[in-house]
Every structure is written in C-alpha cells, then in structure tokens.
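Asks: Sharing upload-v4.tsv (TSV, C-alpha atoms) below.
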chain	number	residue	atom	x	y	z
A	177	MET	CA	107.97	113.03	75.65
A	178	ARG	CA	105.89	116.08	74.77
A	179	SER	CA	104.74	117.90	77.92
A	180	ILE	CA	104.76	121.39	79.39
A	181	HIS	CA	107.62	120.32	81.67
A	182	THR	CA	109.70	119.04	78.75
A	183	ILE	CA	109.10	122.23	76.77
A	184	ARG	CA	110.20	124.39	79.70
A	185	TRP	CA	113.20	122.23	80.62
A	186	VAL	CA	114.64	122.11	77.12
A	187	GLY	CA	113.95	125.83	76.76
A	188	GLN	CA	116.75	126.44	79.26
A	189	LEU	CA	119.24	125.34	76.57
A	190	LYS	CA	118.29	128.00	74.05
A	191	ASP	CA	121.28	130.17	73.03
A	192	SER	CA	123.55	128.07	75.29
A	193	GLY	CA	125.84	126.99	72.46
A	194	HIS	CA	124.64	123.37	72.42
A	195	ASP	CA	123.32	121.62	69.32
A	196	VAL	CA	120.02	120.17	70.57
A	197	HIS	CA	118.04	117.38	68.89
A	198	TRP	CA	114.68	116.05	70.07
A	199	PHE	CA	113.61	112.47	69.39
A	200	ASP	CA	109.81	112.66	69.68
A	201	ILE	CA	109.52	109.19	71.15
A	202	LEU	CA	105.71	109.24	71.51
A	203	ASN	CA	105.24	110.92	68.13
A	204	GLY	CA	103.45	113.86	69.74
A	205	GLY	CA	104.20	116.29	66.93
A	206	TYR	CA	106.20	119.46	66.25
A	207	ILE	CA	106.67	121.91	69.14
A	208	LYS	CA	106.44	125.51	67.92
A	209	GLU	CA	108.36	126.90	70.92
A	210	TRP	CA	111.39	124.92	69.76
A	211	ASP	CA	112.12	126.49	66.39
A	212	TRP	CA	115.80	126.38	67.43
A	213	VAL	CA	115.73	122.61	68.15
A	214	THR	CA	116.18	119.94	65.46
A	215	GLN	CA	112.96	117.97	65.92
A	216	HIS	CA	112.75	114.35	64.79
A	217	THR	CA	108.99	113.82	64.78
A	218	ASN	CA	106.19	112.25	62.71
A	219	TRP	CA	108.27	109.07	62.29
A	220	ARG	CA	106.02	106.48	63.90
A	221	TYR	CA	103.85	105.23	61.00
A	222	LYS	CA	105.16	103.65	57.82
A	223	LEU	CA	102.32	105.06	55.72
A	224	GLY	CA	101.93	108.30	57.66
A	225	ASN	CA	98.74	109.17	59.52
A	226	PHE	CA	96.52	107.50	56.92
A	227	LYS	CA	92.72	107.55	56.81
A	228	GLY	CA	91.13	104.81	58.89
A	229	ARG	CA	94.18	104.27	61.11
A	230	TYR	CA	92.31	105.08	64.35
A	231	LEU	CA	89.59	102.55	63.56
A	232	ILE	CA	92.22	99.88	62.89
A	233	LYS	CA	93.98	100.78	66.15
A	234	LYS	CA	90.71	100.52	68.10
A	235	TYR	CA	89.30	97.32	66.63
A	236	PHE	CA	92.36	95.52	65.23
A	237	PRO	CA	95.30	96.44	67.48
A	238	TYR	CA	97.43	93.49	66.35
A	239	ILE	CA	97.11	94.59	62.73
A	240	HIS	CA	97.81	98.20	63.71
A	241	ILE	CA	101.23	97.20	65.04
A	242	LEU	CA	102.26	96.23	61.51
A	243	PHE	CA	101.97	99.85	60.40
A	244	LYS	CA	104.31	101.12	63.14
A	245	ASN	CA	108.04	101.69	62.86
A	246	SER	CA	110.26	100.34	65.65
A	247	VAL	CA	111.36	102.81	68.35
A	248	GLU	CA	114.69	101.02	68.68
A	249	LYS	CA	115.40	101.01	64.94
A	250	LYS	CA	114.48	104.66	64.50
A	251	PHE	CA	116.46	105.79	67.53
A	252	ASN	CA	119.47	103.70	66.54
A	253	ALA	CA	119.40	105.26	63.06
A	254	LEU	CA	119.38	108.73	64.63
A	255	ILE	CA	122.29	107.83	66.91
A	256	ASN	CA	124.31	106.76	63.88
A	257	GLU	CA	123.34	109.89	61.96
A	258	ILE	CA	123.82	112.51	64.70
A	259	GLN	CA	126.63	110.90	66.74
A	260	PRO	CA	125.59	112.79	69.88
A	261	ASP	CA	127.89	113.49	72.80
A	262	VAL	CA	125.05	113.02	75.27
A	263	VAL	CA	121.60	111.43	75.28
A	264	HIS	CA	119.17	112.79	77.88
A	265	SER	CA	116.03	110.75	78.68
A	266	LEU	CA	113.28	112.62	80.51
A	267	VAL	CA	111.28	110.13	82.66
A	268	MET	CA	111.79	106.39	82.92
A	269	TYR	CA	109.10	104.37	81.18
A	270	ASN	CA	108.27	106.31	78.03
A	271	CYS	CA	111.73	107.69	77.36
A	272	THR	CA	114.44	105.62	79.06
A	273	VAL	CA	113.40	101.95	79.06
A	274	PRO	CA	112.49	101.89	75.31
A	275	ILE	CA	116.02	102.91	74.24
A	276	TYR	CA	117.91	100.74	76.72
A	277	ASN	CA	119.16	98.21	74.15
A	278	VAL	CA	120.37	100.95	71.80
A	279	MET	CA	122.24	102.77	74.55
A	280	LYS	CA	123.75	99.53	75.83
A	281	GLN	CA	125.22	98.99	72.36
A	282	ASN	CA	126.49	102.60	72.34
A	283	SER	CA	127.98	102.74	75.83
A	284	HIS	CA	130.57	105.29	74.68
A	285	ILE	CA	127.76	107.88	74.55
A	286	LYS	CA	127.01	109.52	77.91
A	287	TRP	CA	123.45	108.89	79.10
A	288	ILE	CA	121.51	111.22	81.42
A	289	TYR	CA	118.20	110.32	83.04
A	290	SER	CA	115.70	112.67	84.71
A	291	ALA	CA	113.46	111.13	87.38
A	292	TRP	CA	110.10	112.90	87.61
A	293	GLY	CA	107.00	112.33	89.68
A	294	ASN	CA	106.19	108.67	90.30
A	295	ASP	CA	109.06	107.33	88.18
A	296	LEU	CA	110.83	105.52	91.02
A	297	PHE	CA	108.88	105.98	94.26
A	298	PHE	CA	105.74	104.21	93.08
A	299	TYR	CA	106.86	101.98	90.23
A	300	LYS	CA	109.77	100.43	92.10
A	301	ASN	CA	107.15	98.35	93.89
A	302	VAL	CA	105.27	97.27	90.74
A	303	LYS	CA	106.26	93.96	89.18
A	304	GLY	CA	107.49	94.39	85.61
A	305	TYR	CA	108.30	98.05	86.10
A	306	ARG	CA	110.70	97.19	88.91
A	307	GLU	CA	112.56	94.74	86.69
A	308	ASP	CA	113.00	97.45	84.04
A	309	ILE	CA	114.25	99.92	86.67
A	310	LEU	CA	116.79	97.44	88.03
A	311	GLU	CA	118.06	96.75	84.51
A	312	VAL	CA	118.29	100.35	83.32
A	313	LEU	CA	119.66	102.24	86.34
A	314	PRO	CA	123.17	100.63	86.31
A	315	GLN	CA	123.56	101.59	82.63
A	316	LEU	CA	122.98	105.32	83.26
A	317	ASP	CA	125.93	107.70	83.61
A	318	PHE	CA	124.20	110.75	85.11
A	319	MET	CA	120.96	111.67	86.77
A	320	PHE	CA	118.72	114.68	87.51
A	321	ALA	CA	115.71	114.38	89.83
A	322	ASP	CA	112.93	116.62	91.10
A	323	CYS	CA	113.52	115.54	94.72
A	324	HIS	CA	116.37	114.15	96.84
A	325	ARG	CA	114.21	111.14	97.75
A	326	ASP	CA	114.51	109.77	94.23
A	327	ILE	CA	118.29	110.16	94.12
A	328	LYS	CA	118.42	107.99	97.24
A	329	ILE	CA	116.03	105.43	95.74
A	330	ALA	CA	118.00	105.29	92.48
A	331	LYS	CA	121.24	104.57	94.34
A	332	GLU	CA	119.56	101.86	96.41
A	333	LEU	CA	118.34	100.23	93.18
A	334	GLY	CA	121.66	100.18	91.36
A	335	PHE	CA	122.38	103.65	89.96
A	336	ARG	CA	126.17	104.07	90.07
A	337	GLY	CA	126.54	107.25	88.06
A	338	GLU	CA	126.91	110.91	88.99
A	339	THR	CA	124.14	113.11	90.38
A	340	LEU	CA	123.73	116.35	88.42
A	341	GLY	CA	121.28	118.07	90.75
A	342	VAL	CA	117.75	118.28	92.09
A	343	PHE	CA	115.57	120.76	90.19
A	344	PRO	CA	111.89	121.36	89.34
A	345	THR	CA	110.76	119.22	86.40
A	346	GLY	CA	110.37	122.19	84.10
A	347	GLY	CA	113.25	124.26	85.42
A	348	GLY	CA	112.79	127.56	87.24
A	349	TYR	CA	110.00	130.12	87.11
A	350	LYS	CA	109.95	133.48	85.33
A	351	PHE	CA	108.53	135.74	88.01
A	352	VAL	CA	107.80	138.52	85.53
A	353	HIS	CA	104.97	136.33	84.21
A	354	TYR	CA	103.72	135.37	87.67
A	355	ASP	CA	103.95	138.50	89.84
A	356	PRO	CA	101.12	140.48	88.15
A	357	SER	CA	98.69	137.81	89.42
A	358	VAL	CA	99.81	138.02	93.07
A	359	ILE	CA	97.36	139.97	95.25
A	360	PRO	CA	97.99	141.04	98.89
A	361	LEU	CA	97.34	138.41	101.54
A	362	PRO	CA	94.58	140.37	103.36
A	363	GLU	CA	92.52	140.39	100.14
A	364	ARG	CA	92.57	136.61	99.73
A	365	ASN	CA	89.72	134.30	100.73
A	366	ILE	CA	90.07	131.28	98.43
A	367	ILE	CA	90.86	127.72	99.53
A	368	LEU	CA	92.17	126.09	96.35
A	369	ILE	CA	92.20	122.31	95.88
A	370	LYS	CA	93.94	120.27	93.20
A	371	GLY	CA	91.23	118.04	91.77
A	372	TYR	CA	93.18	114.93	90.80
A	373	GLU	CA	91.56	111.66	91.78
A	374	GLN	CA	92.83	109.21	89.15
A	375	ARG	CA	95.30	106.60	90.34
A	376	PHE	CA	97.44	108.67	92.73
A	377	GLY	CA	95.27	111.71	93.47
A	378	LYS	CA	93.16	111.86	96.63
A	379	ALA	CA	91.17	115.06	96.14
A	380	ILE	CA	87.89	113.51	97.32
A	381	GLN	CA	89.35	113.07	100.81
A	382	VAL	CA	89.89	116.84	100.86
A	383	ILE	CA	86.27	117.45	99.80
A	384	LEU	CA	84.98	115.17	102.55
A	385	ALA	CA	87.17	116.95	105.10
A	386	LEU	CA	85.88	120.38	104.06
A	387	LYS	CA	82.29	119.16	104.09
A	388	ASN	CA	82.76	118.22	107.76
A	389	ILE	CA	83.83	121.76	108.64
A	390	GLU	CA	81.58	123.73	106.27
A	391	ASP	CA	80.34	125.88	109.15
A	392	LYS	CA	83.91	127.16	109.62
A	393	LEU	CA	84.33	128.09	105.94
A	394	LYS	CA	81.64	130.76	105.56
A	395	ASP	CA	84.24	133.48	104.94
A	396	PHE	CA	85.97	131.48	102.20
A	397	ARG	CA	85.42	130.48	98.60
A	398	VAL	CA	86.36	126.84	98.08
A	399	ILE	CA	87.50	126.08	94.51
A	400	VAL	CA	88.64	122.81	92.94
A	401	PHE	CA	90.75	123.06	89.77
A	402	GLY	CA	91.87	120.39	87.31
A	403	ALA	CA	89.02	118.05	88.29
A	404	ASP	CA	89.39	114.82	86.30
A	405	ASP	CA	86.74	112.27	85.32
A	406	GLN	CA	87.32	110.13	88.40
A	407	PHE	CA	86.87	113.19	90.60
A	408	HIS	CA	83.59	114.14	88.92
A	409	LYS	CA	82.21	110.61	89.31
A	410	ALA	CA	83.06	110.46	93.02
A	411	TYR	CA	82.00	114.06	93.68
A	412	ALA	CA	78.56	113.44	92.16
A	413	LYS	CA	77.86	110.89	94.91
A	414	ILE	CA	78.55	113.36	97.74
A	415	LYS	CA	75.59	115.33	99.07
A	416	ASP	CA	75.53	118.91	100.39
A	417	VAL	CA	78.71	120.24	98.81
A	418	ASP	CA	77.12	123.14	96.91
A	419	PHE	CA	79.50	125.53	98.66
A	420	ILE	CA	82.37	124.14	96.54
A	421	GLU	CA	83.08	125.40	93.00
A	422	VAL	CA	84.48	122.73	90.68
A	423	LYS	CA	86.54	123.59	87.61
A	424	GLY	CA	87.96	121.08	85.13
A	425	GLN	CA	91.20	121.35	83.19
A	426	MET	CA	92.29	124.97	82.86
A	427	PRO	CA	95.02	126.81	80.94
A	428	HIS	CA	98.13	127.07	83.09
A	429	VAL	CA	97.90	130.87	83.21
A	430	GLU	CA	94.43	130.60	84.80
A	431	VAL	CA	95.70	128.16	87.43
A	432	ILE	CA	98.50	130.58	88.29
A	433	THR	CA	96.03	133.45	88.58
A	434	LEU	CA	93.92	131.39	91.00
A	435	MET	CA	97.05	130.56	93.02
A	436	GLY	CA	97.80	134.26	93.35
A	437	GLN	CA	94.30	134.88	94.72
A	438	SER	CA	94.25	131.93	97.12
A	439	LEU	CA	94.95	132.07	100.82
A	440	ILE	CA	95.35	128.29	101.13
A	441	TYR	CA	96.30	125.61	98.61
A	442	VAL	CA	95.66	121.88	99.24
A	443	GLY	CA	97.32	119.13	97.21
A	444	ASN	CA	96.77	115.51	98.21
A	445	SER	CA	98.06	112.29	96.66
A	446	ILE	CA	99.46	108.91	97.67
A	447	SER	CA	102.44	109.17	95.31
A	448	ASP	CA	104.33	111.99	93.62
A	449	GLY	CA	107.72	113.57	93.26
A	450	MET	CA	108.10	117.26	94.04
A	451	PRO	CA	104.67	118.60	92.98
A	452	ASN	CA	104.92	121.47	90.53
A	453	THR	CA	101.66	122.89	91.86
A	454	LEU	CA	103.21	122.98	95.34
A	455	LEU	CA	106.12	125.04	94.02
A	456	GLU	CA	103.69	127.31	92.19
A	457	ALA	CA	101.65	127.80	95.38
A	458	ILE	CA	104.83	128.85	97.18
A	459	ILE	CA	105.75	131.28	94.39
A	460	MET	CA	102.24	132.77	94.31
A	461	GLY	CA	102.00	133.19	98.09
A	462	ALA	CA	99.29	130.60	98.86
A	463	PHE	CA	99.72	128.73	102.15
A	464	PRO	CA	100.43	125.10	101.16
A	465	ILE	CA	98.85	122.04	102.76
A	466	GLN	CA	100.46	119.14	100.92
A	467	SER	CA	100.73	115.36	101.16
A	468	ASN	CA	104.25	114.07	101.67
A	469	PRO	CA	104.76	110.67	99.95
A	470	GLY	CA	108.17	109.30	100.79
A	471	GLY	CA	109.18	112.63	102.33
A	472	ALA	CA	109.47	114.53	99.03
A	473	SER	CA	107.32	117.53	100.01
A	474	ALA	CA	109.20	117.84	103.31
A	475	GLU	CA	112.26	118.79	101.27
A	476	ILE	CA	110.71	122.21	100.73
A	477	ILE	CA	107.99	122.47	103.40
A	478	LYS	CA	108.92	122.75	107.06
A	479	ASP	CA	105.82	121.53	108.84
A	480	ASN	CA	104.08	124.31	110.80
A	481	VAL	CA	106.59	126.85	109.47
A	482	ASN	CA	105.97	127.54	105.79
A	483	GLY	CA	103.11	125.09	105.29
A	484	LEU	CA	101.51	121.93	106.65
A	485	LEU	CA	102.27	118.34	105.67
A	486	ILE	CA	99.59	115.68	105.28
A	487	ASN	CA	101.10	112.45	106.58
A	488	LYS	CA	98.11	110.21	105.82
A	489	PRO	CA	96.60	111.32	102.49
A	490	GLU	CA	93.60	109.00	102.87
A	491	SER	CA	92.74	110.31	106.35
A	492	VAL	CA	89.80	112.73	106.12
A	493	LYS	CA	90.24	113.53	109.81
A	494	GLU	CA	93.87	114.60	109.42
A	495	ILE	CA	93.11	116.82	106.42
A	496	GLU	CA	90.23	118.38	108.34
A	497	GLU	CA	92.55	119.17	111.25
A	498	LYS	CA	95.20	120.69	108.98
A	499	VAL	CA	92.69	123.00	107.29
A	500	ILE	CA	91.33	124.13	110.66
A	501	VAL	CA	94.86	125.03	111.76
A	502	ALA	CA	95.40	127.10	108.62
A	503	ILE	CA	92.11	129.03	108.73
A	504	SER	CA	92.30	129.73	112.47
A	505	ASN	CA	95.97	130.71	112.73
A	506	ARG	CA	96.46	133.81	110.62
A	507	MET	CA	99.86	134.45	112.21
A	508	LEU	CA	101.13	131.09	110.89
A	509	VAL	CA	99.82	131.88	107.41
A	510	ASN	CA	101.35	135.38	107.45
A	511	GLU	CA	104.74	134.13	108.63
A	512	ALA	CA	104.70	131.32	106.07
A	513	TYR	CA	104.01	133.90	103.35
A	514	LEU	CA	107.10	135.88	104.35
A	515	TYR	CA	109.21	132.71	104.63
A	516	ASN	CA	108.13	131.54	101.18
A	517	ARG	CA	108.76	134.96	99.63
A	518	LYS	CA	112.43	134.41	100.48
A	519	LEU	CA	112.38	130.72	99.56
A	520	ARG	CA	111.04	131.41	96.09
A	521	ASN	CA	114.27	133.13	95.08
A	522	ALA	CA	115.83	129.66	94.84
A	523	LEU	CA	113.15	128.79	92.25
A	524	LYS	CA	113.87	131.76	90.00
A	525	TYR	CA	114.31	130.86	86.33
A	526	GLU	CA	117.75	132.42	85.97
A	527	THR	CA	119.00	130.73	89.15
A	528	ILE	CA	117.89	127.25	88.08
A	529	GLN	CA	119.00	127.75	84.47
A	530	TYR	CA	122.51	128.69	85.55
A	531	LYS	CA	122.83	125.54	87.64
A	532	VAL	CA	121.32	123.30	84.95
A	533	LEU	CA	123.62	124.63	82.23
A	534	ARG	CA	126.57	124.22	84.57
A	535	ALA	CA	125.50	120.59	85.10
A	536	TYR	CA	125.36	119.94	81.36
A	537	CYS	CA	128.79	121.52	80.94
A	538	SER	CA	130.20	119.33	83.70
A	539	VAL	CA	129.13	116.29	81.66
A	540	LYS	CA	130.72	117.70	78.53
A	541	ASN	CA	133.95	118.66	80.28
A	542	GLY	CA	134.21	115.60	82.50
A	543	SER	CA	134.03	117.59	85.74
A	544	HIS	CA	131.48	115.34	87.38
A	545	LYS	CA	130.72	117.17	90.59
A	546	ASN	CA	127.28	117.16	92.17
A	547	ASN	CA	125.53	120.46	91.53
A	548	LEU	CA	123.75	122.68	94.00
A	549	ASN	CA	120.05	122.04	94.55
A	550	ILE	CA	116.90	124.01	95.16
How would this structure read if it were set down as structure tokens?

Replies:
Amino acid sequence: MRSIHTIRWVGQLKDSGHDVHWFDILNGGYIKEWDWVTQHTNWRYKLGNFKGRYLIKKYFPYIHILFKNSVEKKFNALINEIQPDVVHSLVMYNCTVPIYNVMKQNSHIKWIYSAWGNDLFFYKNVKGYREDILEVLPQLDFMFADCHRDIKIAKELGFRGETLGVFPTGGGYKFVHYDPSVIPLPERNIILIKGYEQRFGKAIQVILALKNIEDKLKDFRVIVFGADDQFHKAYAKIKDVDFIEVKGQMPHVEVITLMGQSLIYVGNSISDGMPNTLLEAIIMGAFPIQSNPGGASAEIIKDNVNGLLINKPESVKEIEEKVIVAISNRMLVNEAYLYNRKLRNALKYETIQYKVLRAYCSVKNGSHKNNLNI
C-alpha cells in the first residue's frame, strides 16, 4: 500500500537490474518517486472517479460496491499479464490476505511477505484476523520482518518458509540527509514525545507522568509531535500542562530536525513492531525511552545502557521514574549517545540496501539462506 515506508523500501531496488511492478492495491495513486517502476494504479472504479461517488459511498455504501472492480480479478489479470517471478506483499491485511486466493492458484510463483508493526503481535489475538493469519502464513514462501519477535510469532502460527532478514520497514537511513540536523549533546534541552493516542498509542500516560514531575523539568522544553485527534481530546481534559508544547502532524524532515535537537525521546504504546521513530531517535542522538511490547524494542535497546525500556506502557508511575533517571543521570545519557553513534552504522542506507538486495537475489537464485540482520 502507499506509505512513506513502502516508497523507501521499494526505492532500494532502483538500478538493481530487477523489473519492478507495483499493484496499487488501495488505489492510492501514482507515486512520483517511482518513475522507474511500472505502476498499476487508478484501477478500482469501473467508471473512474466520477462526480458524486463520495456521496454514494457515504450514504449508500451497498450501492457503491457495485461501482468497484474486484481486487482478486484485477490482481489475477496482472499475474497472467506480467508472469512475475516473485510477488512481494508488504503488510498482512491490506496487501497479503486480499490476494491469498490468487496466489494459492499460482503456487509456482514465489511469494514474499513483510511483517510490519502490529501485523502479527496484536492481530494474532483478534478473532477474524487470527483466522486469516493462520490461513495465509503456511502459503508464504519467504518473509521479511522489522523485528525478530515477529519471525518467531510467524513460525509459531504456521509459517514454514524461509526468513530473508530483519530490517527497518523503510530500509536504511541516508545519513547525509540527517546529519546536518544533529546538534551537540550539551546544547540540547528538549524532551520529545510521540503524540499517538489512537488505538495503540499511550502518549497521555507520558503527559501525566511529566505533569507529576514538572518541578524537575524547569531546564527543559517538553514538546509533543504527531498529536492525533484522540490525543487532543484527552489532553484538553488535563489541567496545568501549559509547560508542554503540542504539535500535530509534521513533515518528516521537521520531525527529524526535532530529534536532532532533543536530549530525550519518549515513545509509548501497547503494541508495535520495531518503531521507526525509535530508530530515528537513535540515529539523531536522542536518548530513547521506549515501550517494549513483546520484547521488540529490546532487540535494539539494552536497558540502562543505550536507552530505557518501559515495561508497563499504561503505568504513569513507571514512566515518571524512567524520565527522572534520564534527566538526573547525564553520564548514562552521554554514554548512550556514544553507544548509539556506533550502533547507527548498522542502520546506514547502503548497509541495509546491500543485505536486502542480496536477500532478493537469494530468492531468485534459490540460495535460501537467512540473511544478516540489523
């Protein structure tokens, strides 16, 4: 599906010698960064995006369905036309489950699946979704994931294919674009909080924790970024938090700039894969305090070494204690900065791209060996 992670991941294949096609399964529209990719988009509606369609969709959803082409039929037609060597589905529910029947009928075509975020960790426990997971996983030939936890889960739930590696969802990071925004540690005084509250996010718990220790934060600027509607609604009910600056959705470059100015970054949720913002905090030198659902964050953070892990994301008291440790132990923060400066080399764009391309080639050549990880 169309996303910043998809754009970056597929970008690794440019000039690699592969003939790349994109089936725009959610009909998100042409991607200008992919002028080298054959893009199969704007296919969804039989009469195109005709006038009045949105009103029909809103008030007469059952009629609206009649104007839509079938995902299965369109994808099957593309399979017959292109005759691909490999099909790669990025994420489970939007991009893997909908083409299951087509791929089952074309089992001679190798099928790769990428597990991102909450794909398996959360939805394996949700009725309906779990049934889809149990049906699809045994049909898959290969798998990428953004954390080792999800490889383990996939195998427990019936995946019998080959593991191609554990990599960030969008591939590696081009430091040349990031380094100009990194300022020296002694000049930093920002505590940066990811403001997600919808469904999995627990940013309000962080706000409540910081409110309890406001007297200890007088030397800091506290900034929330990416605040969603649920956050704003909950935040409006909290009194005496004027010391916190709240920012909504921001261009990615502005988030990165804030990361490079922040001394501490806090990300808190009840479910996630390997958080991209956590990796970006590490790259930009911010000390990470991160929730650890299912142990995913612990794959890159050594607790009390290069960051702090939140074990109970809904515990205001625990978050409060973690922040106090970070603001009162400058030696820990300094040593974590040096540790993460070395760690970030494993996240370099060229390093990840090399491993990803090698993984794709192993599928093509039949050398199905597990690849190195971050």

Asks: For Asn203 in chain A, please output as number ranges by chain all residues within 12 Å (counting only C-alpha atoms; exclusion window: fewer than 5 positions along the same chain).

Replies: A: 177-178, 198, 215-221, 224-225, 244-247, 250, 270-271

Asks: Using Å and a single decimal, report how far CA of Gly293 in chain A sits from CA of His324 in chain A.

Replies: 11.9 Å

Asks: Taking only C-alpha atoms into account, which of A:Tyr206, A:Phe351, A:Tyr238, A:Phe401 comes nearest Met426 in chain A?

Replies: A:Phe401

Asks: Just the residues within 7 Å of range 369-375 of chain A, please, counting only C-alpha atoms, with nothing from its chain fewer than 2 positions along; format it as a VMD selection string.

Replies: chain A and resid 367 377 to 380 399 to 404 406 to 407 441 to 443

Asks: Selected residues, C-alpha atoms, written as a compact mmCIF listing (two decimals), keeping the file's coordinate frame, please.

Replies:
# COMPACT_ATOMS: atom_id res chain seq x y z
CA ILE A 367 90.86 127.72 99.53
CA GLY A 377 95.27 111.71 93.47
CA LYS A 378 93.16 111.86 96.63
CA ALA A 379 91.17 115.06 96.14
CA ILE A 380 87.89 113.51 97.32
CA ILE A 399 87.50 126.08 94.51
CA VAL A 400 88.64 122.81 92.94
CA PHE A 401 90.75 123.06 89.77
CA GLY A 402 91.87 120.39 87.31
CA ALA A 403 89.02 118.05 88.29
CA ASP A 404 89.39 114.82 86.30
CA GLN A 406 87.32 110.13 88.40
CA PHE A 407 86.87 113.19 90.60
CA TYR A 441 96.30 125.61 98.61
CA VAL A 442 95.66 121.88 99.24
CA GLY A 443 97.32 119.13 97.21

Asks: In Å, how far is it from CA of Gly449 in chain A to CA of Tyr411 in chain A?

Replies: 25.7 Å

Asks: Point out the residue among A:Tyr515, A:Phe320, A:Phe419, A:Tyr354 with the least atom-to-atom distance to Glu338 in chain A, counting all atoms listed in the file.

Replies: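 The answer is A:Phe320, which sits nearest to Glu338 in chain A.
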